[in-house]
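Student: Once you've had a glance at the structure underneath, I'll fire off some questions.
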Amino acid sequence: MLFWVGITDNDWFLQLSRMRPPPDEVNFWQPAPTPPRKMDPGTLFLFKLHAPHHLIVGGGYFVRFTVLPCFLAWEAFGEKNGVTSRQELIQRMARYRHKPQNHGSDIGCNLLVEPFFFPEEDWIPIPKNWSPKTWGLTYDTGEQHGAELWQAVQQRLQRQTTRTEKIAEEDTQRYGSEYLARARLGQGSFRILVTDAYHRRCAVTNEKTLPALDVAHIQPYSNHGPHRKIGRAHV
């Protein structure tokens, strides 16, 4: 099985790891609008700190890659972008792109659900085949480095579950290969999936002004509605 390790902004990780309650989804954003690699929904996506910290500190499960204007990334995910304000998000982008950015600047977004953040004592050294020149690398559980890393991650996830005995039974089983099919998408990811599915237009009026668009379940999710959805414009 393939999984991905991506370099993480250290401040992004610290901000999200301290959120209470913990986030149900995060936007692992990147300055470039190019996807890191083609990934299937449900792929394990691990976080590696920037050098000189060659450590894996957490992860999440991949939903989708998309490119969003900065204002929409903030509206959809808020502090789950790993920042405290839209202006901070713009400033972070400018720092990495080395030029001014604004609320309409495009940002690459890896949408992840059920993120997890390891305490410092559980951080995992990066495998020896990691290249310092890369910004991400695919690992395979069928190969030595991938198998060892996968095992280390699973051990720490189990340790987290043991530490938190109040977690419901369905949560303790959330790390299986079928997890994504059982999980509810966060509201930010749901909004972006619907928006992209309708090509950023209202399904009824064909309105394409992004700030005017909203999304909703046809049948409420709280009433056991599926993730069938419709895009609509505010009127």
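To be explicit about the labels: the chains of the structure tokens are called A, B, and onward in the order shown, and within each one the residues are counted from 1, while ligands get numbers from 1 in the order they are shown.
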Do a neighbour search on range 6-21 of chain A at 12 Å with only C-alpha atoms, toss out local chain neighbours closer than 6 positions, and write the hits as an MDAnalysis selection string.
Tutor: chainID A and resid 27:31 35:37 44:60 62 77:85 88:89 92:93 95:96 110 115:120 126 130:139
Student: Find, counting only C-alpha atoms, the residue in A:Lys128, A:Leu72, A:Ala32, A:Trp123 that gets nearest to Ala152 in chain A.
Tutor: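 Closest to Ala152 in chain A, using only C-alpha atoms: A:Trp123.
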Student: Tell me, which residues of range 40-138 of chain A carry DSSP helix (DSSP H, G or I), written as a PyMOL selection string?
Tutor: chain A and resi 70-81+86-97+120-122
Student: Quick one: write out the picked residues with C-alpha atoms as a PDB file, in the first residue's frame?
Tutor:
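After the write, part.pdb holds the following:
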ATOM      1  CA  CYS A  70      -7.170  32.410  -0.555  1.00  0.00           C
ATOM      2  CA  PHE A  71     -10.451  33.911   0.661  1.00  0.00           C
ATOM      3  CA  LEU A  72     -12.353  30.689  -0.070  1.00  0.00           C
ATOM      4  CA  ALA A  73      -9.728  28.521   1.649  1.00  0.00           C
ATOM      5  CA  TRP A  74     -10.165  30.715   4.716  1.00  0.00           C
ATOM      6  CA  GLU A  75     -13.983  30.735   4.550  1.00  0.00           C
ATOM      7  CA  ALA A  76     -14.121  26.950   4.200  1.00  0.00           C
ATOM      8  CA  PHE A  77     -11.526  25.969   6.805  1.00  0.00           C
ATOM      9  CA  GLY A  78     -10.815  29.006   9.001  1.00  0.00           C
ATOM     10  CA  GLU A  79      -8.199  28.162  11.651  1.00  0.00           C
ATOM     11  CA  LYS A  80      -8.039  24.626  10.273  1.00  0.00           C
ATOM     12  CA  ASN A  81      -5.688  26.189   7.723  1.00  0.00           C
ATOM     13  CA  ARG A  86      -6.999  35.218   6.611  1.00  0.00           C
ATOM     14  CA  GLN A  87      -4.339  37.909   6.705  1.00  0.00           C
ATOM     15  CA  GLU A  88      -1.916  35.500   8.355  1.00  0.00           C
ATOM     16  CA  LEU A  89      -2.615  32.970   5.610  1.00  0.00           C
ATOM     17  CA  ILE A  90      -1.842  35.601   2.963  1.00  0.00           C
ATOM     18  CA  GLN A  91       1.366  36.556   4.777  1.00  0.00           C
ATOM     19  CA  ARG A  92       2.493  32.922   4.980  1.00  0.00           C
ATOM     20  CA  MET A  93       1.894  32.514   1.251  1.00  0.00           C
ATOM     21  CA  ALA A  94       3.867  35.681   0.532  1.00  0.00           C
ATOM     22  CA  ARG A  95       6.749  34.389   2.639  1.00  0.00           C
ATOM     23  CA  TYR A  96       6.994  31.171   0.652  1.00  0.00           C
ATOM     24  CA  ARG A  97       6.378  32.745  -2.758  1.00  0.00           C
ATOM     25  CA  GLU A 120       6.738  15.060  21.047  1.00  0.00           C
ATOM     26  CA  GLU A 121       7.821  11.825  22.725  1.00  0.00           C
ATOM     27  CA  ASP A 122       6.136   9.892  19.890  1.00  0.00           C
TER      28      ASP A 122
END
Student: Hey, can you check how far CA of Phe65 in chain A sits from CA of Thr43 in chain A?
Tutor: 12.0 Å
Student: Between CA of Asp40 in chain A and CA of Tyr61 in chain A, what is the distance in Å, rounded to a tenth?
Tutor: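 Pair CA of Asp40 in chain A / CA of Tyr61 in chain A returns 9.8 Å.
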Student: Which of these residues is nearest to Val67 in chain A, using only C-alpha atoms: A:Thr34, A:Thr141, A:Asn129, A:Asn102?
Tutor: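 Closest to Val67 in chain A, using only C-alpha atoms: A:Thr34.
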Student: Give the strand (DSSP E) residues of range 5-135 of chain A, as assigned by DSSP on the backbone, as JSON, numbers by chain.
Tutor: {"A": [5, 6, 7, 8, 25, 26, 27, 28, 29, 30, 44, 45, 46, 47, 48, 49, 55, 56, 57, 58, 59, 60, 61, 62, 63, 64, 65, 66, 67, 68, 69, 106, 107, 108, 109, 110, 111, 112, 113, 114, 115, 116, 117, 124, 125]}
Student: Any chance you could export the current selection's C-alpha atoms as a PDB file, in the first residue's frame?
Tutor:
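Heads up, here's the output in part_24.pdb:
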ATOM      1  CA  VAL A   5       5.037  11.983   3.539  1.00  0.00           C
ATOM      2  CA  GLY A   6       4.893  15.745   2.988  1.00  0.00           C
ATOM      3  CA  ILE A   7       7.006  18.533   4.482  1.00  0.00           C
ATOM      4  CA  THR A   8       4.992  20.522   6.988  1.00  0.00           C
ATOM      5  CA  GLU A  25     -10.290  18.137   9.113  1.00  0.00           C
ATOM      6  CA  VAL A  26      -7.409  20.343   8.002  1.00  0.00           C
ATOM      7  CA  ASN A  27      -6.255  22.102   4.895  1.00  0.00           C
ATOM      8  CA  PHE A  28      -2.664  21.021   4.253  1.00  0.00           C
ATOM      9  CA  TRP A  29      -2.038  23.959   1.977  1.00  0.00           C
ATOM     10  CA  GLN A  30       0.972  24.623  -0.193  1.00  0.00           C
ATOM     11  CA  LEU A  44      -2.468   8.110   4.551  1.00  0.00           C
ATOM     12  CA  PHE A  45      -0.775  11.522   4.409  1.00  0.00           C
ATOM     13  CA  LEU A  46       1.998  12.046   6.995  1.00  0.00           C
ATOM     14  CA  PHE A  47       3.479  15.320   8.260  1.00  0.00           C
ATOM     15  CA  LYS A  48       7.267  15.812   8.372  1.00  0.00           C
ATOM     16  CA  LEU A  49       8.662  18.935   9.994  1.00  0.00           C
ATOM     17  CA  LEU A  55      10.733  13.921  12.219  1.00  0.00           C
ATOM     18  CA  ILE A  56       7.244  12.715  11.382  1.00  0.00           C
ATOM     19  CA  VAL A  57       4.810  14.295  13.797  1.00  0.00           C
ATOM     20  CA  GLY A  58       1.321  13.295  12.650  1.00  0.00           C
ATOM     21  CA  GLY A  59      -0.880  12.848   9.627  1.00  0.00           C
ATOM     22  CA  GLY A  60      -4.359  12.574   8.193  1.00  0.00           C
ATOM     23  CA  TYR A  61      -6.341  10.917   5.407  1.00  0.00           C
ATOM     24  CA  PHE A  62      -6.399  12.437   1.958  1.00  0.00           C
ATOM     25  CA  VAL A  63      -9.730  13.513   0.449  1.00  0.00           C
ATOM     26  CA  ARG A  64      -8.874  15.717  -2.515  1.00  0.00           C
ATOM     27  CA  PHE A  65      -6.427  18.210  -3.967  1.00  0.00           C
ATOM     28  CA  THR A  66      -7.816  21.433  -5.330  1.00  0.00           C
ATOM     29  CA  VAL A  67      -6.728  25.000  -6.030  1.00  0.00           C
ATOM     30  CA  LEU A  68      -8.686  27.729  -4.250  1.00  0.00           C
ATOM     31  CA  PRO A  69      -8.488  31.496  -3.968  1.00  0.00           C
ATOM     32  CA  ASP A 106      -4.525  30.843  -5.666  1.00  0.00           C
ATOM     33  CA  ILE A 107      -3.375  28.340  -3.079  1.00  0.00           C
ATOM     34  CA  GLY A 108      -2.874  24.573  -3.460  1.00  0.00           C
ATOM     35  CA  CYS A 109      -5.056  22.682  -0.976  1.00  0.00           C
ATOM     36  CA  ASN A 110      -4.719  19.082   0.186  1.00  0.00           C
ATOM     37  CA  LEU A 111      -7.954  18.374   2.049  1.00  0.00           C
ATOM     38  CA  LEU A 112      -7.417  15.893   4.887  1.00  0.00           C
ATOM     39  CA  VAL A 113      -9.880  14.368   7.339  1.00  0.00           C
ATOM     40  CA  GLU A 114      -9.387  12.988  10.858  1.00  0.00           C
ATOM     41  CA  PRO A 115      -5.918  14.476  11.349  1.00  0.00           C
ATOM     42  CA  PHE A 116      -3.783  13.210  14.213  1.00  0.00           C
ATOM     43  CA  PHE A 117      -0.887  14.897  15.984  1.00  0.00           C
ATOM     44  CA  ILE A 124       9.207   9.344  14.418  1.00  0.00           C
ATOM     45  CA  PRO A 125      12.633   9.794  12.767  1.00  0.00           C
TER      46      PRO A 125
END
Student: Could you please determine the separation between CA of Asp140 in chain A and CA of Phe3 in chain A in Å, to one decimal place?
Tutor: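 Computing it gives 6.5 Å between the two atoms.
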